[in-house]
>>> print(open('model29.pdb').read())   # PDB, C-alpha atoms
MODEL        1
ATOM      1  CA  MET R   3      76.372  40.835 -77.487  1.00  0.00           C
ATOM      2  CA  LYS R   4      76.817  39.832 -73.829  1.00  0.00           C
ATOM      3  CA  ARG R   5      74.034  42.123 -72.585  1.00  0.00           C
ATOM      4  CA  ASP R   6      71.595  40.735 -75.168  1.00  0.00           C
ATOM      5  CA  ARG R   7      72.475  37.166 -74.175  1.00  0.00           C
ATOM      6  CA  ILE R   8      72.003  37.866 -70.474  1.00  0.00           C
ATOM      7  CA  GLU R   9      68.630  39.467 -71.127  1.00  0.00           C
ATOM      8  CA  GLU R  10      67.635  36.487 -73.255  1.00  0.00           C
ATOM      9  CA  ILE R  11      68.620  34.096 -70.442  1.00  0.00           C
ATOM     10  CA  ALA R  12      66.559  36.120 -67.967  1.00  0.00           C
ATOM     11  CA  ASP R  13      63.561  36.071 -70.317  1.00  0.00           C
ATOM     12  CA  LEU R  14      63.860  32.315 -70.839  1.00  0.00           C
ATOM     13  CA  LEU R  15      63.940  31.710 -67.083  1.00  0.00           C
ATOM     14  CA  ASP R  16      60.944  33.974 -66.505  1.00  0.00           C
ATOM     15  CA  LYS R  17      58.978  32.007 -69.104  1.00  0.00           C
ATOM     16  CA  ARG R  18      60.067  28.506 -68.093  1.00  0.00           C
ATOM     17  CA  GLY R  19      60.622  28.961 -64.356  1.00  0.00           C
ATOM     18  CA  LYS R  20      63.750  26.811 -64.226  1.00  0.00           C
ATOM     19  CA  LEU R  21      66.487  25.737 -66.656  1.00  0.00           C
ATOM     20  CA  THR R  22      69.486  23.439 -66.355  1.00  0.00           C
ATOM     21  CA  LEU R  23      72.897  24.300 -67.782  1.00  0.00           C
ATOM     22  CA  GLU R  24      72.375  21.561 -70.350  1.00  0.00           C
ATOM     23  CA  GLN R  25      69.157  23.219 -71.480  1.00  0.00           C
ATOM     24  CA  LEU R  26      70.913  26.592 -71.698  1.00  0.00           C
ATOM     25  CA  ASP R  27      73.588  24.895 -73.824  1.00  0.00           C
ATOM     26  CA  GLY R  28      70.858  24.036 -76.277  1.00  0.00           C
ATOM     27  CA  PHE R  29      69.724  27.650 -76.497  1.00  0.00           C
ATOM     28  CA  PHE R  30      73.289  28.994 -76.755  1.00  0.00           C
ATOM     29  CA  PRO R  31      75.342  26.285 -78.531  1.00  0.00           C
ATOM     30  CA  HIS R  32      78.254  28.620 -79.265  1.00  0.00           C
ATOM     31  CA  VAL R  33      78.686  29.813 -75.664  1.00  0.00           C
ATOM     32  CA  SER R  34      80.809  27.863 -73.166  1.00  0.00           C
ATOM     33  CA  GLN R  35      79.324  26.566 -69.902  1.00  0.00           C
ATOM     34  CA  MET R  36      81.821  28.694 -67.981  1.00  0.00           C
ATOM     35  CA  THR R  37      80.478  31.813 -69.697  1.00  0.00           C
ATOM     36  CA  LEU R  38      76.895  30.735 -69.028  1.00  0.00           C
ATOM     37  CA  ARG R  39      77.756  30.213 -65.357  1.00  0.00           C
ATOM     38  CA  ARG R  40      79.175  33.740 -65.211  1.00  0.00           C
ATOM     39  CA  ASP R  41      76.002  35.057 -66.842  1.00  0.00           C
ATOM     40  CA  LEU R  42      73.889  33.289 -64.222  1.00  0.00           C
ATOM     41  CA  LEU R  43      76.059  34.680 -61.415  1.00  0.00           C
ATOM     42  CA  GLN R  44      75.602  38.195 -62.805  1.00  0.00           C
ATOM     43  CA  LEU R  45      71.836  37.727 -62.974  1.00  0.00           C
ATOM     44  CA  GLU R  46      71.767  36.378 -59.417  1.00  0.00           C
ATOM     45  CA  GLN R  47      73.767  39.338 -58.135  1.00  0.00           C
ATOM     46  CA  ALA R  48      71.238  41.598 -59.847  1.00  0.00           C
ATOM     47  CA  GLY R  49      68.453  39.827 -57.942  1.00  0.00           C
ATOM     48  CA  ARG R  50      66.757  38.438 -61.061  1.00  0.00           C
ATOM     49  CA  ILE R  51      67.394  34.696 -60.652  1.00  0.00           C
ATOM     50  CA  ILE R  52      68.443  32.160 -58.028  1.00  0.00           C
ATOM     51  CA  ARG R  53      71.118  29.677 -58.996  1.00  0.00           C
ATOM     52  CA  VAL R  54      70.440  26.065 -58.059  1.00  0.00           C
ATOM     53  CA  ARG R  55      72.501  22.945 -58.578  1.00  0.00           C
ATOM     54  CA  GLY R  56      73.034  22.460 -62.307  1.00  0.00           C
ATOM     55  CA  GLY R  57      71.104  25.545 -63.403  1.00  0.00           C
ATOM     56  CA  ALA R  58      68.911  28.397 -62.193  1.00  0.00           C
ATOM     57  CA  MET R  59      65.367  29.413 -61.269  1.00  0.00           C
ATOM     58  CA  SER R  60      63.536  32.622 -62.032  1.00  0.00           C
ATOM     59  CA  VAL R  61      62.957  34.866 -59.023  1.00  0.00           C
ATOM     60  CA  LYS R  62      59.340  35.136 -60.187  1.00  0.00           C
ATOM     61  CA  GLU R  63      59.009  31.361 -59.904  1.00  0.00           C
ATOM     62  CA  VAL R  64      60.297  31.407 -56.315  1.00  0.00           C
ATOM     63  CA  GLN R  65      58.007  34.332 -55.474  1.00  0.00           C
ATOM     64  CA  LYS R  66      54.994  32.207 -56.375  1.00  0.00           C
ATOM     65  CA  VAL R  67      55.794  30.207 -53.242  1.00  0.00           C
ATOM     66  CA  SER R  68      57.703  32.542 -50.960  1.00  0.00           C
ATOM     67  CA  GLY R  69      56.760  36.108 -51.806  1.00  0.00           C
ATOM     68  CA  GLU R  70      59.175  39.000 -51.906  1.00  0.00           C
ATOM     69  CA  PRO R  71      61.186  38.753 -48.631  1.00  0.00           C
ATOM     70  CA  TYR R  72      63.024  35.492 -49.286  1.00  0.00           C
ATOM     71  CA  THR R  73      64.035  36.381 -52.822  1.00  0.00           C
ATOM     72  CA  LYS R  74      65.290  39.784 -51.701  1.00  0.00           C
ATOM     73  CA  LYS R  75      67.415  38.183 -48.989  1.00  0.00           C
ATOM     74  CA  THR R  76      68.762  35.616 -51.452  1.00  0.00           C
ATOM     75  CA  ALA R  77      70.036  38.409 -53.702  1.00  0.00           C
ATOM     76  CA  THR R  78      71.807  40.408 -50.961  1.00  0.00           C
ATOM     77  CA  HIS R  79      75.438  39.939 -49.868  1.00  0.00           C
ATOM     78  CA  VAL R  80      75.782  37.098 -52.389  1.00  0.00           C
ATOM     79  CA  ASN R  81      79.596  37.023 -52.415  1.00  0.00           C
ATOM     80  CA  GLU R  82      79.786  36.889 -48.617  1.00  0.00           C
ATOM     81  CA  LYS R  83      77.264  34.054 -48.471  1.00  0.00           C
ATOM     82  CA  ILE R  84      79.145  32.062 -51.110  1.00  0.00           C
ATOM     83  CA  ALA R  85      82.466  32.532 -49.285  1.00  0.00           C
ATOM     84  CA  ILE R  86      80.916  31.417 -45.989  1.00  0.00           C
ATOM     85  CA  ALA R  87      79.129  28.488 -47.647  1.00  0.00           C
ATOM     86  CA  GLN R  88      82.341  27.253 -49.263  1.00  0.00           C
ATOM     87  CA  LYS R  89      84.129  27.264 -45.896  1.00  0.00           C
ATOM     88  CA  ALA R  90      81.248  25.446 -44.219  1.00  0.00           C
ATOM     89  CA  ALA R  91      80.989  22.864 -47.010  1.00  0.00           C
ATOM     90  CA  GLY R  92      84.648  21.966 -46.466  1.00  0.00           C
ATOM     91  CA  LEU R  93      83.870  20.995 -42.859  1.00  0.00           C
ATOM     92  CA  VAL R  94      81.233  18.373 -43.712  1.00  0.00           C
ATOM     93  CA  GLU R  95      82.654  14.857 -43.707  1.00  0.00           C
ATOM     94  CA  GLU R  96      81.503  11.708 -45.461  1.00  0.00           C
ATOM     95  CA  ASN R  97      78.928   9.591 -43.571  1.00  0.00           C
ATOM     96  CA  CYS R  98      78.052  12.238 -41.002  1.00  0.00           C
ATOM     97  CA  SER R  99      74.549  13.340 -40.046  1.00  0.00           C
ATOM     98  CA  LEU R 100      73.794  17.032 -39.733  1.00  0.00           C
ATOM     99  CA  PHE R 101      71.128  19.685 -39.390  1.00  0.00           C
ATOM    100  CA  ILE R 102      71.016  22.717 -41.726  1.00  0.00           C
ATOM    101  CA  ASP R 103      68.548  25.555 -41.216  1.00  0.00           C
ATOM    102  CA  GLY R 104      66.464  27.214 -43.941  1.00  0.00           C
ATOM    103  CA  GLY R 105      68.091  30.644 -44.302  1.00  0.00           C
ATOM    104  CA  THR R 106      69.534  32.042 -47.509  1.00  0.00           C
ATOM    105  CA  THR R 107      73.107  31.404 -46.324  1.00  0.00           C
ATOM    106  CA  ALA R 108      72.040  27.812 -45.676  1.00  0.00           C
ATOM    107  CA  LEU R 109      70.753  27.678 -49.260  1.00  0.00           C
ATOM    108  CA  ALA R 110      74.179  28.829 -50.444  1.00  0.00           C
ATOM    109  CA  LEU R 111      75.682  26.006 -48.363  1.00  0.00           C
ATOM    110  CA  ALA R 112      73.313  23.494 -49.957  1.00  0.00           C
ATOM    111  CA  LYS R 113      74.587  24.589 -53.381  1.00  0.00           C
ATOM    112  CA  GLU R 114      78.231  24.308 -52.346  1.00  0.00           C
ATOM    113  CA  LEU R 115      78.048  20.960 -50.539  1.00  0.00           C
ATOM    114  CA  PRO R 116      79.715  18.146 -52.484  1.00  0.00           C
ATOM    115  CA  ASP R 117      77.581  15.083 -53.169  1.00  0.00           C
ATOM    116  CA  LEU R 118      78.656  13.099 -50.111  1.00  0.00           C
ATOM    117  CA  HIS R 119      77.022  10.131 -48.406  1.00  0.00           C
ATOM    118  CA  VAL R 120      75.502  12.130 -45.549  1.00  0.00           C
ATOM    119  CA  HIS R 121      72.118  12.404 -43.854  1.00  0.00           C
ATOM    120  CA  VAL R 122      70.805  15.957 -43.712  1.00  0.00           C
ATOM    121  CA  PHE R 123      67.912  17.162 -41.573  1.00  0.00           C
ATOM    122  CA  THR R 124      66.558  20.580 -42.537  1.00  0.00           C
ATOM    123  CA  ASN R 125      63.582  22.861 -42.000  1.00  0.00           C
ATOM    124  CA  GLY R 126      64.314  24.747 -45.223  1.00  0.00           C
ATOM    125  CA  LEU R 127      62.113  24.027 -48.241  1.00  0.00           C
ATOM    126  CA  ALA R 128      64.566  25.522 -50.758  1.00  0.00           C
ATOM    127  CA  VAL R 129      67.471  23.814 -48.962  1.00  0.00           C
ATOM    128  CA  ALA R 130      65.725  20.426 -49.137  1.00  0.00           C
ATOM    129  CA  ILE R 131      64.939  20.864 -52.845  1.00  0.00           C
ATOM    130  CA  GLU R 132      68.543  21.784 -53.601  1.00  0.00           C
ATOM    131  CA  LEU R 133      70.002  18.876 -51.607  1.00  0.00           C
ATOM    132  CA  SER R 134      67.523  16.360 -53.014  1.00  0.00           C
ATOM    133  CA  GLN R 135      69.173  16.785 -56.425  1.00  0.00           C
ATOM    134  CA  LYS R 136      72.379  15.229 -55.068  1.00  0.00           C
ATOM    135  CA  LYS R 137      72.092  11.484 -55.539  1.00  0.00           C
ATOM    136  CA  ASN R 138      74.173  10.356 -52.547  1.00  0.00           C
ATOM    137  CA  MET R 139      72.468  12.480 -49.894  1.00  0.00           C
ATOM    138  CA  ASN R 140      69.641  11.345 -47.659  1.00  0.00           C
ATOM    139  CA  VAL R 141      67.478  14.382 -46.893  1.00  0.00           C
ATOM    140  CA  SER R 142      64.806  14.601 -44.176  1.00  0.00           C
ATOM    141  CA  MET R 143      62.442  17.568 -44.031  1.00  0.00           C
ATOM    142  CA  LEU R 144      61.032  18.738 -40.711  1.00  0.00           C
ATOM    143  CA  GLY R 145      57.298  19.275 -40.740  1.00  0.00           C
ATOM    144  CA  GLY R 146      55.236  22.088 -39.325  1.00  0.00           C
ATOM    145  CA  GLN R 147      53.946  25.526 -40.238  1.00  0.00           C
ATOM    146  CA  VAL R 148      55.444  26.996 -43.431  1.00  0.00           C
ATOM    147  CA  MET R 149      56.931  30.452 -42.880  1.00  0.00           C
ATOM    148  CA  LYS R 150      56.772  31.999 -46.344  1.00  0.00           C
ATOM    149  CA  GLU R 151      59.131  34.864 -45.538  1.00  0.00           C
ATOM    150  CA  ASN R 152      62.060  32.451 -45.283  1.00  0.00           C
ATOM    151  CA  LEU R 153      60.691  29.267 -46.913  1.00  0.00           C
ATOM    152  CA  SER R 154      61.146  27.308 -43.695  1.00  0.00           C
ATOM    153  CA  THR R 155      59.022  25.109 -41.477  1.00  0.00           C
ATOM    154  CA  ALA R 156      58.717  25.136 -37.700  1.00  0.00           C
ATOM    155  CA  SER R 157      56.503  23.364 -35.216  1.00  0.00           C
ATOM    156  CA  PRO R 158      55.783  23.511 -31.476  1.00  0.00           C
ATOM    157  CA  VAL R 159      56.408  19.752 -31.377  1.00  0.00           C
ATOM    158  CA  ALA R 160      59.924  20.034 -32.836  1.00  0.00           C
ATOM    159  CA  LYS R 161      61.358  18.716 -29.570  1.00  0.00           C
ATOM    160  CA  ALA R 162      59.567  15.395 -30.043  1.00  0.00           C
ATOM    161  CA  TYR R 163      61.009  15.143 -33.558  1.00  0.00           C
ATOM    162  CA  PHE R 164      64.538  15.842 -32.345  1.00  0.00           C
ATOM    163  CA  ASP R 165      64.152  13.366 -29.481  1.00  0.00           C
ATOM    164  CA  ALA R 166      63.695  10.633 -32.115  1.00  0.00           C
ATOM    165  CA  THR R 167      66.548  11.693 -34.424  1.00  0.00           C
ATOM    166  CA  ASN R 168      70.323  11.812 -34.187  1.00  0.00           C
ATOM    167  CA  PHE R 169      72.824  14.147 -35.805  1.00  0.00           C
ATOM    168  CA  GLU R 170      76.392  15.026 -34.908  1.00  0.00           C
ATOM    169  CA  LEU R 171      76.568  18.507 -36.379  1.00  0.00           C
ATOM    170  CA  ALA R 172      74.315  21.545 -36.705  1.00  0.00           C
ATOM    171  CA  ILE R 173      75.217  24.265 -39.211  1.00  0.00           C
ATOM    172  CA  ILE R 174      72.982  27.255 -38.579  1.00  0.00           C
ATOM    173  CA  SER R 175      72.852  30.756 -40.057  1.00  0.00           C
ATOM    174  CA  SER R 176      71.821  33.749 -37.967  1.00  0.00           C
ATOM    175  CA  THR R 177      69.729  36.787 -38.912  1.00  0.00           C
ATOM    176  CA  ALA R 178      71.347  39.024 -36.302  1.00  0.00           C
ATOM    177  CA  PHE R 179      74.153  39.113 -33.737  1.00  0.00           C
ATOM    178  CA  THR R 180      75.445  41.238 -30.887  1.00  0.00           C
ATOM    179  CA  PRO R 181      77.806  40.040 -28.121  1.00  0.00           C
ATOM    180  CA  GLU R 182      75.209  40.977 -25.496  1.00  0.00           C
ATOM    181  CA  ASN R 183      72.132  39.449 -27.138  1.00  0.00           C
ATOM    182  CA  GLY R 184      73.760  36.579 -28.995  1.00  0.00           C
ATOM    183  CA  PHE R 185      72.391  35.085 -32.220  1.00  0.00           C
ATOM    184  CA  SER R 186      68.765  35.943 -32.865  1.00  0.00           C
ATOM    185  CA  CYS R 187      65.892  35.658 -35.342  1.00  0.00           C
ATOM    186  CA  SER R 188      62.451  37.184 -35.882  1.00  0.00           C
ATOM    187  CA  SER R 189      60.227  34.178 -35.088  1.00  0.00           C
ATOM    188  CA  GLN R 190      59.726  32.602 -31.675  1.00  0.00           C
ATOM    189  CA  ILE R 191      58.712  29.237 -33.123  1.00  0.00           C
ATOM    190  CA  GLU R 192      61.831  29.228 -35.329  1.00  0.00           C
ATOM    191  CA  ALA R 193      64.048  30.227 -32.397  1.00  0.00           C
ATOM    192  CA  ASP R 194      62.640  27.300 -30.394  1.00  0.00           C
ATOM    193  CA  LEU R 195      63.417  24.923 -33.262  1.00  0.00           C
ATOM    194  CA  LEU R 196      66.985  26.222 -33.686  1.00  0.00           C
ATOM    195  CA  ARG R 197      67.511  25.994 -29.926  1.00  0.00           C
ATOM    196  CA  GLN R 198      66.460  22.344 -30.005  1.00  0.00           C
ATOM    197  CA  ALA R 199      68.791  21.647 -32.940  1.00  0.00           C
ATOM    198  CA  ARG R 200      71.618  23.381 -31.087  1.00  0.00           C
ATOM    199  CA  LYS R 201      71.101  21.242 -27.991  1.00  0.00           C
ATOM    200  CA  LYS R 202      70.811  18.007 -29.966  1.00  0.00           C
ATOM    201  CA  ALA R 203      74.027  18.403 -31.974  1.00  0.00           C
ATOM    202  CA  LYS R 204      77.428  17.472 -30.616  1.00  0.00           C
ATOM    203  CA  SER R 205      78.933  20.463 -32.447  1.00  0.00           C
ATOM    204  CA  LEU R 206      77.420  23.755 -33.593  1.00  0.00           C
ATOM    205  CA  TYR R 207      78.867  25.742 -36.491  1.00  0.00           C
ATOM    206  CA  MET R 208      77.395  29.222 -36.891  1.00  0.00           C
ATOM    207  CA  MET R 209      77.349  30.975 -40.281  1.00  0.00           C
ATOM    208  CA  LEU R 210      77.261  34.765 -39.933  1.00  0.00           C
ATOM    209  CA  ASP R 211      77.994  37.346 -42.597  1.00  0.00           C
ATOM    210  CA  SER R 212      79.335  40.666 -41.317  1.00  0.00           C
ATOM    211  CA  SER R 213      76.204  42.594 -42.373  1.00  0.00           C
ATOM    212  CA  LYS R 214      74.298  40.903 -39.495  1.00  0.00           C
ATOM    213  CA  ILE R 215      76.594  42.297 -36.777  1.00  0.00           C
ATOM    214  CA  GLY R 216      75.014  44.872 -34.489  1.00  0.00           C
ATOM    215  CA  LYS R 217      71.475  43.827 -35.389  1.00  0.00           C
ATOM    216  CA  ILE R 218      69.019  42.499 -32.805  1.00  0.00           C
ATOM    217  CA  MET R 219      65.970  40.358 -33.547  1.00  0.00           C
ATOM    218  CA  PRO R 220      63.305  39.572 -30.922  1.00  0.00           C
ATOM    219  CA  TYR R 221      64.274  35.953 -30.165  1.00  0.00           C
ATOM    220  CA  THR R 222      67.718  34.686 -29.179  1.00  0.00           C
ATOM    221  CA  PHE R 223      68.454  31.036 -29.960  1.00  0.00           C
ATOM    222  CA  ALA R 224      72.169  30.849 -29.111  1.00  0.00           C
ATOM    223  CA  HIS R 225      74.925  32.742 -27.302  1.00  0.00           C
ATOM    224  CA  ILE R 226      78.631  32.912 -28.043  1.00  0.00           C
ATOM    225  CA  GLU R 227      79.472  30.134 -25.592  1.00  0.00           C
ATOM    226  CA  ASP R 228      76.996  27.764 -27.289  1.00  0.00           C
ATOM    227  CA  ILE R 229      78.929  27.505 -30.567  1.00  0.00           C
ATOM    228  CA  ASP R 230      82.086  25.652 -31.528  1.00  0.00           C
ATOM    229  CA  VAL R 231      82.989  27.309 -34.837  1.00  0.00           C
ATOM    230  CA  LEU R 232      82.087  30.693 -36.303  1.00  0.00           C
ATOM    231  CA  ILE R 233      82.146  30.860 -40.108  1.00  0.00           C
ATOM    232  CA  THR R 234      82.187  34.396 -41.459  1.00  0.00           C
ATOM    233  CA  ASP R 235      83.560  36.658 -44.202  1.00  0.00           C
ATOM    234  CA  GLU R 236      86.665  38.794 -44.543  1.00  0.00           C
ATOM    235  CA  ASN R 237      84.887  41.924 -43.243  1.00  0.00           C
ATOM    236  CA  PHE R 238      84.280  40.452 -39.793  1.00  0.00           C
ATOM    237  CA  PRO R 239      85.713  42.913 -37.196  1.00  0.00           C
ATOM    238  CA  SER R 240      89.042  41.957 -35.612  1.00  0.00           C
ATOM    239  CA  ASP R 241      87.892  42.896 -32.094  1.00  0.00           C
ATOM    240  CA  LEU R 242      85.027  40.425 -32.346  1.00  0.00           C
ATOM    241  CA  LYS R 243      87.387  37.758 -33.645  1.00  0.00           C
ATOM    242  CA  GLU R 244      89.449  38.268 -30.498  1.00  0.00           C
ATOM    243  CA  LEU R 245      86.308  37.966 -28.356  1.00  0.00           C
ATOM    244  CA  PHE R 246      85.491  34.572 -29.899  1.00  0.00           C
ATOM    245  CA  ALA R 247      89.125  33.441 -29.678  1.00  0.00           C
ATOM    246  CA  GLU R 248      89.164  34.261 -25.951  1.00  0.00           C
ATOM    247  CA  LYS R 249      86.345  31.753 -25.548  1.00  0.00           C
ATOM    248  CA  ASN R 250      88.273  29.096 -27.527  1.00  0.00           C
ATOM    249  CA  ILE R 251      85.902  29.327 -30.503  1.00  0.00           C
ATOM    250  CA  VAL R 252      87.413  28.783 -33.940  1.00  0.00           C
ATOM    251  CA  VAL R 253      86.775  31.685 -36.329  1.00  0.00           C
ATOM    252  CA  MET R 254      86.994  30.904 -40.039  1.00  0.00           C
TER     253      MET R 254
ENDMDL
END
>>> encode(input="model29.pdb", output="structure tokens")
Amino acid sequence: MKRDRIEEIADLLDKRGKLTLEQLDGFFPHVSQMTLRRDLLQLEQAGRIIRVRGGAMSVKEVQKVSGEPYTKKTATHVNEKIAIAQKAAGLVEENCSLFIDGGTTALALAKELPDLHVHVFTNGLAVAIELSQKKNMNVSMLGGQVMKENLSTASPVAKAYFDATNFELAIISSTAFTPENGFSCSSQIEADLLRQARKKAKSLYMMLDSSKIGKIMPYTFAHIEDIDVLITDENFPSDLKELFAEKNIVVM
């Protein structure tokens, strides 16, 4: 029975922490990989696992490091994050260098990115782990204080790090957005880091799912005029699309 199989997969992941699709094949030899992928998607949407490249991790395993907030955010608005991540992944070109933040939409992007020859800078622990499994990618992790609520790092000396590095593109996800207050987050040290990344990049692509609209966090790191492309989902309001279009910003 499908329900029994899904429960068995969840139990296996809770016990082992992480499993690859190949390992799941061994446990379920008469089930196709496509079906197993659908099972994993269903478990992720239920907030019980987190899919990673080639397999999945138990939410309990991630909570050992991050605690509850990050895993809760990972399991919300999953379809919107995947749709946004797929659009963003299609904009990354071979041999480019880019910065990706550590949010849960950024993690979805890390999963969707093809294995290109690119150099990625990130402050996201989960993002770096996901990307490091792709053999052609060069991944650099920014140091600093670990913020467990979003599995990211940030440091007051981020500017010095960015002064010594080069990347053409920054793809950043935002926790909140209003036209008046711009794109914002909950941590001042993280906002400073994202502001530095924004200034360093030649182009800034912002990932924003429609659930973040109308929300305001304490620290603004970018305004509408700072971005080049807005990547969002199908529920993004038409009046806001017009606002971005008036400022010659591409909305995807």
>>> resolve_selection(input="model29.pdb", expression="the PyMOL selection byres ((chain R and resi 134) around 12)", output="PyMOL selection string")
chain R and resi 54-55+112-113+115+117-118+120-124+126-133+135-143
>>> resolve_selection(input="model29.pdb", expression="the PyMOL selection byres ((chain R and resi 204) around 8)", output="ChimeraX atom specification")
/R:169-172,201-203,205-206
>>> resolve_selection(input="model29.pdb", expression="the PyMOL selection byres ((chain R and resi 184) around 7)", output="list in words")
Phe179, Thr180, Pro181, Glu182, Asn183, Phe185, Ser186, Thr222, Ala224, His225 and Ile226 of chain R
>>> write_last_selection(input="model29.pdb", atoms="C-alpha atoms", output="CSV table (one decimal), in the coordinates of the input")
chain,number,residue,atom,x,y,z
R,179,PHE,CA,74.2,39.1,-33.7
R,180,THR,CA,75.4,41.2,-30.9
R,181,PRO,CA,77.8,40.0,-28.1
R,182,GLU,CA,75.2,41.0,-25.5
R,183,ASN,CA,72.1,39.4,-27.1
R,185,PHE,CA,72.4,35.1,-32.2
R,186,SER,CA,68.8,35.9,-32.9
R,222,THR,CA,67.7,34.7,-29.2
R,224,ALA,CA,72.2,30.8,-29.1
R,225,HIS,CA,74.9,32.7,-27.3
R,226,ILE,CA,78.6,32.9,-28.0
>>> residues_around(input="model29.pdb", residues="region 84-90 of chain R", least_positions_apart="3", cutoff="12 Å", atoms="only C-alpha atoms", output="PDB file with C-alpha atoms, keeping the file's coordinate frame")
ATOM      1  CA  LEU R  43      76.059  34.680 -61.415  1.00  0.00           C
ATOM      2  CA  GLU R  46      71.767  36.378 -59.417  1.00  0.00           C
ATOM      3  CA  GLN R  47      73.767  39.338 -58.135  1.00  0.00           C
ATOM      4  CA  ARG R  53      71.118  29.677 -58.996  1.00  0.00           C
ATOM      5  CA  THR R  76      68.762  35.616 -51.452  1.00  0.00           C
ATOM      6  CA  ALA R  77      70.036  38.409 -53.702  1.00  0.00           C
ATOM      7  CA  THR R  78      71.807  40.408 -50.961  1.00  0.00           C
ATOM      8  CA  HIS R  79      75.438  39.939 -49.868  1.00  0.00           C
ATOM      9  CA  VAL R  80      75.782  37.098 -52.389  1.00  0.00           C
ATOM     10  CA  ASN R  81      79.596  37.023 -52.415  1.00  0.00           C
ATOM     11  CA  LEU R  93      83.870  20.995 -42.859  1.00  0.00           C
ATOM     12  CA  VAL R  94      81.233  18.373 -43.712  1.00  0.00           C
ATOM     13  CA  GLU R  95      82.654  14.857 -43.707  1.00  0.00           C
ATOM     14  CA  ILE R 102      71.016  22.717 -41.726  1.00  0.00           C
ATOM     15  CA  GLY R 105      68.091  30.644 -44.302  1.00  0.00           C
ATOM     16  CA  THR R 106      69.534  32.042 -47.509  1.00  0.00           C
ATOM     17  CA  THR R 107      73.107  31.404 -46.324  1.00  0.00           C
ATOM     18  CA  ALA R 108      72.040  27.812 -45.676  1.00  0.00           C
ATOM     19  CA  LEU R 109      70.753  27.678 -49.260  1.00  0.00           C
ATOM     20  CA  ALA R 110      74.179  28.829 -50.444  1.00  0.00           C
ATOM     21  CA  LEU R 111      75.682  26.006 -48.363  1.00  0.00           C
ATOM     22  CA  ALA R 112      73.313  23.494 -49.957  1.00  0.00           C
ATOM     23  CA  LYS R 113      74.587  24.589 -53.381  1.00  0.00           C
ATOM     24  CA  GLU R 114      78.231  24.308 -52.346  1.00  0.00           C
ATOM     25  CA  LEU R 115      78.048  20.960 -50.539  1.00  0.00           C
ATOM     26  CA  PRO R 116      79.715  18.146 -52.484  1.00  0.00           C
ATOM     27  CA  LEU R 171      76.568  18.507 -36.379  1.00  0.00           C
ATOM     28  CA  ALA R 172      74.315  21.545 -36.705  1.00  0.00           C
ATOM     29  CA  ILE R 173      75.217  24.265 -39.211  1.00  0.00           C
ATOM     30  CA  ILE R 174      72.982  27.255 -38.579  1.00  0.00           C
ATOM     31  CA  SER R 175      72.852  30.756 -40.057  1.00  0.00           C
ATOM     32  CA  LEU R 206      77.420  23.755 -33.593  1.00  0.00           C
ATOM     33  CA  TYR R 207      78.867  25.742 -36.491  1.00  0.00           C
ATOM     34  CA  MET R 208      77.395  29.222 -36.891  1.00  0.00           C
ATOM     35  CA  MET R 209      77.349  30.975 -40.281  1.00  0.00           C
ATOM     36  CA  LEU R 210      77.261  34.765 -39.933  1.00  0.00           C
ATOM     37  CA  ASP R 211      77.994  37.346 -42.597  1.00  0.00           C
ATOM     38  CA  SER R 212      79.335  40.666 -41.317  1.00  0.00           C
ATOM     39  CA  VAL R 231      82.989  27.309 -34.837  1.00  0.00           C
ATOM     40  CA  LEU R 232      82.087  30.693 -36.303  1.00  0.00           C
ATOM     41  CA  ILE R 233      82.146  30.860 -40.108  1.00  0.00           C
ATOM     42  CA  THR R 234      82.187  34.396 -41.459  1.00  0.00           C
ATOM     43  CA  ASP R 235      83.560  36.658 -44.202  1.00  0.00           C
ATOM     44  CA  GLU R 236      86.665  38.794 -44.543  1.00  0.00           C
ATOM     45  CA  ASN R 237      84.887  41.924 -43.243  1.00  0.00           C
ATOM     46  CA  PHE R 238      84.280  40.452 -39.793  1.00  0.00           C
ATOM     47  CA  VAL R 253      86.775  31.685 -36.329  1.00  0.00           C
ATOM     48  CA  MET R 254      86.994  30.904 -40.039  1.00  0.00           C
TER      49      MET R 254
END
>>> atom_distance(input="model29.pdb", atom1="CA of Ser34 (chain R)", atom2="CA of Lys83 (chain R)")
25.7 Å
>>> closest_residue(input="model29.pdb", among="R:Gln35, R:Gln25, R:Asn168, R:Ser60", to="Cys98 (chain R)", atoms="all atoms listed in the file")
R:Asn168
>>> axis_aligned_box(input="model29.pdb", around="region 228-234 of chain R", padding_each_side="8 Å", output="JSON")
{"center_x": 80.0, "center_y": 30.0, "center_z": -34.4, "size_x": 22.0, "size_y": 24.7, "size_z": 30.2}
>>> atom_distance(input="model29.pdb", atom1="CA of Tyr221 (chain R)", atom2="CA of Ile52 (chain R)")
28.4 Å
>>> residues_around(input="model29.pdb", residues="Ser188 (chain R)", least_positions_apart="6", cutoff="10 Å", atoms="all atoms listed in the file", output="list in words")
Thr177, Ala178, Ile218, Met219, Pro220, Tyr221 and Thr222 of chain R
>>> closest_residue(input="model29.pdb", among="R:Asp165, R:Glu82, R:Glu9, R:Asp27", to="Ile51 (chain R)", atoms="all atoms listed in the file")
R:Glu9
>>> closest_residue(input="model29.pdb", among="R:Gln190, R:Thr22, R:Ser176, R:Gln198", to="Met149 (chain R)", atoms="all atoms listed in the file")
R:Gln190
>>> atom_distance(input="model29.pdb", atom1="CA of Gly104 (chain R)", atom2="CA of Leu195 (chain R)")
11.3 Å
